[in-house]
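Peer 1: Provided herewith: upload-v3.csv, CSV, C-alpha atoms and all ligand atoms.
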```
chain,number,residue,atom,x,y,z
A,15,MET,CA,-48.8,-1.9,-3.7
A,16,ASN,CA,-50.7,-4.7,-5.3
A,17,PRO,CA,-51.3,-7.5,-2.7
A,18,GLU,CA,-51.7,-10.0,-5.6
A,19,LEU,CA,-48.1,-9.8,-6.5
A,20,ASN,CA,-45.7,-12.3,-5.0
A,21,TYR,CA,-42.6,-11.2,-3.0
A,22,SER,CA,-40.0,-11.3,-5.7
A,23,GLU,CA,-42.2,-9.4,-8.1
A,24,THR,CA,-42.7,-6.6,-5.5
A,25,GLN,CA,-39.0,-6.6,-4.8
A,26,ARG,CA,-38.2,-6.3,-8.5
A,27,GLN,CA,-40.7,-3.4,-8.9
A,28,GLU,CA,-39.1,-1.7,-5.8
A,29,GLN,CA,-35.6,-2.0,-7.4
A,30,GLU,CA,-36.8,-0.6,-10.7
A,31,ARG,CA,-38.2,2.3,-8.8
A,32,THR,CA,-35.3,3.0,-6.5
A,33,GLY,CA,-32.3,1.9,-8.4
A,34,PRO,CA,-29.5,-0.6,-7.4
A,35,LEU,CA,-30.1,-1.4,-3.7
A,36,VAL,CA,-28.9,-4.3,-1.6
A,37,PRO,CA,-31.7,-6.8,-1.2
A,38,LYS,CA,-33.2,-6.6,2.3
A,39,SER,CA,-32.3,-10.3,2.9
A,40,GLU,CA,-28.6,-9.5,2.5
A,41,GLN,CA,-28.5,-6.5,4.8
A,42,ALA,CA,-28.3,-7.9,8.4
A,43,PRO,CA,-25.6,-10.4,9.3
A,44,GLY,CA,-26.8,-13.9,9.5
A,45,PRO,CA,-27.2,-17.1,7.4
A,46,GLY,CA,-26.7,-16.5,3.7
A,47,ARG,CA,-25.1,-13.1,4.3
A,48,PRO,CA,-21.3,-12.9,4.1
A,49,PHE,CA,-19.1,-11.0,6.6
A,50,ARG,CA,-18.2,-7.9,4.5
A,51,THR,CA,-14.9,-6.2,5.2
A,52,ILE,CA,-13.0,-3.4,3.6
A,53,LEU,CA,-9.2,-4.1,3.3
A,54,ALA,CA,-7.2,-1.0,2.5
A,55,LEU,CA,-3.4,-0.8,1.8
A,56,THR,CA,-1.7,2.6,2.2
A,57,GLY,CA,1.9,3.8,1.7
A,58,ALA,CA,3.5,2.8,5.0
A,59,SER,CA,6.2,0.2,4.8
A,60,GLY,CA,4.8,-3.3,5.3
A,61,ALA,CA,2.7,-4.0,2.2
A,62,ILE,CA,3.2,-7.7,3.0
A,63,TYR,CA,0.8,-7.2,5.9
A,64,GLY,CA,-2.0,-6.2,3.5
A,65,LEU,CA,-1.1,-8.9,1.1
A,66,ARG,CA,-1.0,-11.6,3.7
A,67,LEU,CA,-4.3,-10.4,5.3
A,68,LEU,CA,-5.9,-10.6,1.9
A,69,GLU,CA,-4.7,-14.2,1.5
A,70,ARG,CA,-5.8,-15.2,5.0
A,71,LEU,CA,-9.2,-13.5,4.7
A,72,ARG,CA,-10.1,-15.4,1.6
A,73,ARG,CA,-12.4,-18.1,2.9
A,74,PRO,CA,-16.1,-19.0,2.5
A,75,GLY,CA,-18.5,-16.5,4.1
A,76,VAL,CA,-16.1,-13.5,3.9
A,77,GLU,CA,-16.4,-10.8,1.2
A,78,ILE,CA,-13.4,-8.6,0.7
A,79,HIS,CA,-13.7,-5.1,-0.6
A,80,LEU,CA,-10.2,-3.8,-1.7
A,81,LEU,CA,-8.9,-0.2,-1.7
A,82,VAL,CA,-5.2,0.7,-2.4
A,83,SER,CA,-3.8,4.3,-2.1
A,84,HIS,CA,-1.4,5.6,-4.7
A,85,ALA,CA,1.5,5.4,-2.3
A,86,GLY,CA,0.2,1.9,-1.2
A,87,LEU,CA,0.7,0.7,-4.8
A,88,ARG,CA,4.2,2.1,-4.9
A,89,THR,CA,5.3,0.3,-1.7
A,90,LEU,CA,3.5,-2.8,-2.8
A,91,GLU,CA,5.6,-3.0,-5.9
A,92,LEU,CA,8.8,-1.9,-4.2
A,93,GLU,CA,8.6,-4.3,-1.3
A,94,THR,CA,6.9,-7.3,-2.7
A,95,GLY,CA,7.2,-7.1,-6.5
A,96,ARG,CA,3.4,-7.6,-6.7
A,97,ARG,CA,1.0,-5.4,-8.7
A,98,LEU,CA,-2.5,-4.2,-8.2
A,99,SER,CA,-3.8,-6.9,-10.5
A,100,ASP,CA,-2.3,-9.6,-8.1
A,101,LEU,CA,-4.3,-8.1,-5.2
A,102,LYS,CA,-7.5,-7.7,-7.3
A,103,ALA,CA,-7.3,-11.4,-8.2
A,104,LEU,CA,-7.6,-12.2,-4.4
A,105,ALA,CA,-10.4,-9.7,-3.5
A,106,ASP,CA,-14.1,-9.9,-4.3
A,107,TYR,CA,-14.4,-6.2,-5.2
A,108,HIS,CA,-11.9,-3.4,-5.9
A,109,TYR,CA,-12.6,0.3,-6.1
A,110,PRO,CA,-10.4,3.1,-7.4
A,111,ILE,CA,-9.9,5.5,-4.5
A,112,ARG,CA,-10.9,8.5,-6.6
A,113,ASP,CA,-14.4,7.0,-6.9
A,114,VAL,CA,-16.0,8.9,-4.0
A,115,GLY,CA,-19.4,7.9,-5.3
A,116,ALA,CA,-18.8,4.1,-4.9
A,117,ARG,CA,-21.1,2.2,-2.4
A,118,LEU,CA,-18.4,2.2,0.3
A,119,ALA,CA,-18.9,6.0,0.6
A,120,SER,CA,-22.4,5.4,2.1
A,121,GLY,CA,-23.2,4.2,5.6
A,122,SER,CA,-26.3,2.6,4.1
A,123,TYR,CA,-24.2,-0.1,2.4
A,124,PRO,CA,-24.1,-3.0,4.9
A,125,MET,CA,-20.4,-3.3,5.7
A,126,ASP,CA,-19.1,-5.0,8.8
A,127,ALA,CA,-15.5,-3.8,9.3
A,128,MET,CA,-12.5,-2.1,7.8
A,129,VAL,CA,-8.8,-2.9,8.2
A,130,ILE,CA,-6.0,-0.6,6.9
A,131,ALA,CA,-2.9,-2.7,6.6
A,132,PRO,CA,-0.4,-1.1,6.6
A,133,CYS,CA,-1.7,2.3,7.7
A,134,SER,CA,0.5,5.3,7.0
A,135,ILE,CA,0.7,8.3,9.4
A,136,ARG,CA,-0.8,10.4,6.6
A,137,THR,CA,-3.9,8.3,6.3
A,138,MET,CA,-4.2,7.9,10.1
A,139,SER,CA,-4.0,11.6,10.6
A,140,ALA,CA,-6.5,12.4,7.8
A,141,ILE,CA,-9.0,9.9,9.3
A,142,ALA,CA,-8.6,11.5,12.8
A,143,ALA,CA,-9.3,14.9,11.3
A,144,GLY,CA,-12.4,13.7,9.3
A,145,ILE,CA,-10.8,14.6,6.0
A,146,SER,CA,-12.7,12.4,3.5
A,147,SER,CA,-10.9,13.5,0.4
A,148,ASN,CA,-10.8,10.1,-1.3
A,149,LEU,CA,-12.8,6.9,-1.1
A,150,LEU,CA,-10.4,5.2,1.3
A,151,LEU,CA,-10.6,8.1,3.8
A,152,ARG,CA,-14.4,8.4,3.3
A,153,ALA,CA,-14.9,4.7,3.9
A,154,ALA,CA,-12.9,4.9,7.1
A,155,ASP,CA,-15.0,7.9,8.2
A,156,VAL,CA,-18.2,6.0,7.4
A,157,THR,CA,-16.9,3.0,9.4
A,158,LEU,CA,-16.4,5.2,12.4
A,159,LYS,CA,-19.7,7.1,12.1
A,160,GLU,CA,-21.6,3.9,11.7
A,161,ARG,CA,-19.8,2.5,14.9
A,162,ARG,CA,-18.3,-0.4,12.9
A,163,LYS,CA,-14.9,-1.9,13.6
A,164,LEU,CA,-12.0,0.1,12.2
A,165,ILE,CA,-8.6,-1.5,12.6
A,166,LEU,CA,-5.4,0.5,11.8
A,167,MET,CA,-2.1,-1.3,11.4
A,168,VAL,CA,-0.1,1.9,11.8
A,169,ARG,CA,3.6,1.6,11.0
A,170,GLU,CA,6.0,4.3,11.9
A,171,SER,CA,8.9,4.6,14.4
A,172,PRO,CA,9.8,6.6,16.4
A,173,LEU,CA,6.5,8.4,17.1
A,174,HIS,CA,6.3,12.1,17.9
A,175,LEU,CA,3.7,13.5,20.3
A,176,GLY,CA,1.4,14.5,17.5
A,177,HIS,CA,1.3,10.9,16.3
A,178,LEU,CA,0.6,9.6,19.8
A,179,ARG,CA,-2.2,12.2,20.4
A,180,THR,CA,-3.8,11.3,17.1
A,181,MET,CA,-3.8,7.6,18.1
A,182,VAL,CA,-5.5,8.6,21.4
A,183,ALA,CA,-8.1,10.7,19.5
A,184,LEU,CA,-8.8,7.7,17.1
A,185,THR,CA,-9.1,5.3,20.0
A,186,GLU,CA,-11.6,7.7,21.7
A,187,MET,CA,-13.6,7.7,18.4
A,188,GLY,CA,-13.8,3.9,18.5
A,189,ALA,CA,-10.9,2.9,16.2
A,190,ILE,CA,-8.5,0.1,17.1
A,191,ILE,CA,-4.8,1.0,16.7
A,192,ALA,CA,-3.1,-2.3,16.0
A,193,PRO,CA,0.6,-1.7,15.0
A,194,PRO,CA,2.2,-4.7,13.4
A,195,ILE,CA,4.6,-5.5,16.3
A,196,PRO,CA,6.1,-9.0,16.2
A,197,ALA,CA,6.2,-11.3,19.2
A,198,PHE,CA,9.1,-13.7,19.8
A,199,TYR,CA,7.6,-16.1,22.4
A,200,ASN,CA,6.6,-18.5,19.6
A,201,ARG,CA,10.2,-18.6,18.2
A,202,PRO,CA,9.5,-17.4,14.7
A,203,GLN,CA,11.9,-18.9,12.1
A,204,THR,CA,10.9,-16.9,9.0
A,205,VAL,CA,9.8,-13.4,8.1
A,206,LEU,CA,6.4,-14.9,7.1
A,207,GLU,CA,6.0,-16.2,10.6
A,208,LEU,CA,6.6,-12.8,12.0
A,209,VAL,CA,4.1,-11.3,9.6
A,210,ASP,CA,1.5,-13.9,10.3
A,211,TYR,CA,1.7,-13.3,14.0
A,212,SER,CA,0.4,-9.7,13.5
A,213,VAL,CA,-2.1,-10.8,10.8
A,214,GLU,CA,-3.6,-13.4,13.1
A,215,ARG,CA,-4.1,-10.8,15.9
A,216,VAL,CA,-6.1,-8.7,13.4
A,217,LEU,CA,-8.1,-11.7,12.3
A,218,ASP,CA,-8.9,-12.2,16.0
A,219,LEU,CA,-10.0,-8.6,16.3
A,220,LEU,CA,-12.3,-9.1,13.3
A,221,GLY,CA,-13.9,-12.1,15.0
A,222,LEU,CA,-12.5,-14.4,12.2
A,223,PRO,CA,-9.8,-16.3,14.1
A,224,ALA,CA,-7.5,-18.5,12.0
A,225,ALA,CA,-7.8,-22.2,13.0
A,226,GLU,CA,-4.0,-22.6,12.4
A,227,ALA,CA,-3.0,-19.6,14.6
A,228,ARG,CA,-0.3,-20.5,17.2
A,229,ARG,CA,-1.4,-19.3,20.6
A,230,TRP,CA,0.3,-18.9,23.9
A,231,ASP,CA,-0.9,-21.6,26.3
A,232,PRO,CA,1.9,-22.7,28.6
A,301,LIG,C1,9.4,3.0,0.6
A,301,LIG,C2,8.6,3.8,1.4
A,301,LIG,C3,8.3,3.5,2.8
A,301,LIG,C4,7.5,4.3,3.5
A,301,LIG,N1,7.3,4.0,4.8
A,301,LIG,C5,6.4,4.7,5.6
A,301,LIG,C6,6.0,4.2,6.9
A,301,LIG,O1,6.5,3.2,7.4
A,301,LIG,N2,5.1,4.9,7.6
A,301,LIG,C7,4.5,6.0,7.1
A,301,LIG,O2,3.7,6.6,7.7
A,301,LIG,N3,4.8,6.5,5.8
A,301,LIG,C8,5.7,5.8,5.1
A,301,LIG,N4,6.1,6.3,3.8
A,301,LIG,C9,5.5,7.5,3.3
A,301,LIG,C10,4.1,7.4,2.8
A,301,LIG,O3,4.1,6.6,1.6
A,301,LIG,C11,3.6,8.8,2.4
A,301,LIG,O4,3.4,9.6,3.5
A,301,LIG,C12,2.4,8.8,1.5
A,301,LIG,O5,2.0,10.2,1.3
A,301,LIG,C13,1.2,8.1,2.2
A,301,LIG,O6,0.1,8.2,1.5
A,301,LIG,P1,-1.2,7.3,1.7
A,301,LIG,O7,-1.6,7.5,3.2
A,301,LIG,O8,-2.2,7.9,0.8
A,301,LIG,O9,-0.9,6.0,1.3
A,301,LIG,C14,6.9,5.5,3.0
A,301,LIG,C15,7.1,5.8,1.7
A,301,LIG,C16,7.9,5.0,0.9
A,301,LIG,C17,8.2,5.3,-0.6
```
Could you spell out this file's structure in structure tokens?
Ligand SMILES: Cc1cc2nc3c(=O)[nH]c(=O)nc-3n(C[C@H](O)[C@H](O)[C@H](O)COP(=O)(O)O)c2cc1C
Peer 2:
Amino acid sequence: MNPELNYSETQRQEQERTGPLVPKSEQAPGPGRPFRTILALTGASGAIYGLRLLERLRRPGVEIHLLVSHAGLRTLELETGRRLSDLKALADYHYPIRDVGARLASGSYPMDAMVIAPCSIRTMSAIAAGISSNLLLRAADVTLKERRKLILMVRESPLHLGHLRTMVALTEMGAIIAPPIPAFYNRPQTVLELVDYSVERVLDLLGLPAAEARRWDP
């Protein structure tokens, strides 16, 4: 490499040689580097959790990478009347889940966390089995293999032994099973308050606590 060249010139040459890479300055978390999280919606009931999380994650310093399964789109429209375009308008990036070659499929892309909200039993089970048949499942597998935070808002009831064993297996792999279970000690008055309770617990898990979250402190 020619020592006469300045840094940006050598970087430009490197990018020309190697293709589209994330600049080194943006790889490690720190000043000038956003917290990057994947937010995925699947076909369990409770699309409102994904939608609300998207709204609450939108803040300076957070970059949201959105994935929505086909069943997730269906429940989103059924339960909230919203469409994919509404979600895309709130996210920084959106990827079709058939695009298994997108950057989220690689552990080399500097992502910090992934939340699946809501998470269906189907998606949970596929992740536990390492079945990476679409970008959403591959991104979850990458999150686990890179030892990054994977939070699953699994929604189903009642649970059979297979579901429970799968949750144990995922917990052993490092995932966090965080079902959206409401609390009543804060006397919620609206459905949104019930939803926000679970969403705020997930923001806590991400290390992005909401300033306005109501906390138990008798
Ligand atoms: C209205 C509706 C509600 C559903 N609720 C749930 C649910 O709460 N939990 C669940 O695991 N699956 C639920 N399902 C089934 C999933 O959508 C289905 O298993 C689907 O294949 C999941 O695919 P995905 O994991 O790729 O999103 C529901 C389906 C519909 C249409």
Peer 1: With all atoms listed in the file as the atoms that count, which of A:Asp126, A:Asp100, A:Glu93, A:Asp106 lies nearest to ligand LIG 301 (chain A)?
Peer 2: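 Checking each of A:Asp126, A:Asp100, A:Glu93, A:Asp106 against ligand LIG 301 (chain A), counting all atoms listed in the file, the winner is A:Glu93.
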Peer 1: Which residues are near ligand LIG 301 (chain A) in this structure, taking near to mean any atom at most 8 Å from a ligand atom and counting all atoms listed in the file? Format them as a ChimeraX atom specification.
Peer 2: /A:55-60,82-86,88-89,92-93,133-138,168-171
Peer 1: Need the shell around Arg161 in chain A: protein/DNA/RNA residues with any atom at most 12 Å away, counting all atoms listed in the file. Skip same-chain ones fewer than 5 positions apart. Format as a list in words?
Peer 2: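 In the requested form, the answer reads Gly121, Met125, Asp126, Ala127, Met128, Ala154, Asp155, Val156, Glu186, Met187, Gly188, Ala189 and Ile190 of chain A.
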Peer 1: In terms of the shortest atom-to-atom distance over only C-alpha atoms, which of A:Val129, A:Val205, A:Met167, A:Ile62 is closest to Arg96 in chain A?
Peer 2: A:Ile62
Peer 1: Pick the closest to Arg152 in chain A from A:Pro196, A:Pro223, A:Gly115, A:Pro124: which is it, counting only C-alpha atoms?
Peer 2: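 The closest residue to Arg152 in chain A is A:Gly115.
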Peer 1: Kindly give the distance, in Å, that separates CA of Leu219 in chain A and CA of Leu67 in chain A, rounded to a single decimal.
Peer 2: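 Interatomic distance here is 12.5 Å.
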Peer 1: Using Å and a single decimal, report how far CA of Ala192 in chain A sits from CA of Arg112 in chain A.
Peer 2: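 Taking CA of Arg112 in chain A and CA of Ala192 in chain A, their separation equals 26.2 Å.
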Peer 1: In terms of the shortest atom-to-atom distance over all atoms listed in the file, which of A:Leu98, A:Ala153, A:Ile195, A:Ala224 is closest to Ser212 in chain A?
Peer 2: A:Ile195
Peer 1: Could you work out how far CA of Gly176 in chain A lies from CA of Gly64 in chain A, giving the answer in Å with one decimal?
Peer 2: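 These two atoms are separated by 25.2 Å.
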Peer 1: Would you mind listing what lies within 7 Å of Ile111 in chain A as an MDAnalysis selection string, with only C-alpha atoms counted and same-chain residues fewer than 4 positions away left out?
Peer 2: chainID A and resid 81 83 148:150
Peer 1: Quick one: residues within 12 Å of Glu77 in chain A, all atoms listed in the file counted, chain neighbours fewer than 5 positions away excluded, as a CSV table (one decimal) with C-alpha atoms, in the coordinates of the input?
Peer 2:
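Generated file (result-v2.csv):
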```
chain,number,residue,atom,x,y,z
A,47,ARG,CA,-25.1,-13.1,4.3
A,48,PRO,CA,-21.3,-12.9,4.1
A,49,PHE,CA,-19.1,-11.0,6.6
A,50,ARG,CA,-18.2,-7.9,4.5
A,51,THR,CA,-14.9,-6.2,5.2
A,52,ILE,CA,-13.0,-3.4,3.6
A,53,LEU,CA,-9.2,-4.1,3.3
A,68,LEU,CA,-5.9,-10.6,1.9
A,71,LEU,CA,-9.2,-13.5,4.7
A,72,ARG,CA,-10.1,-15.4,1.6
A,104,LEU,CA,-7.6,-12.2,-4.4
A,105,ALA,CA,-10.4,-9.7,-3.5
A,106,ASP,CA,-14.1,-9.9,-4.3
A,107,TYR,CA,-14.4,-6.2,-5.2
A,108,HIS,CA,-11.9,-3.4,-5.9
A,124,PRO,CA,-24.1,-3.0,4.9
A,125,MET,CA,-20.4,-3.3,5.7
A,126,ASP,CA,-19.1,-5.0,8.8
A,127,ALA,CA,-15.5,-3.8,9.3
A,128,MET,CA,-12.5,-2.1,7.8
```
Peer 1: From the list A:Leu164, A:Val114, A:Leu87, A:Leu222, which residue is nearest Pro74 in chain A when using all atoms listed in the file?
Peer 2: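 For Pro74 in chain A, the nearest of the given residues is A:Leu222.
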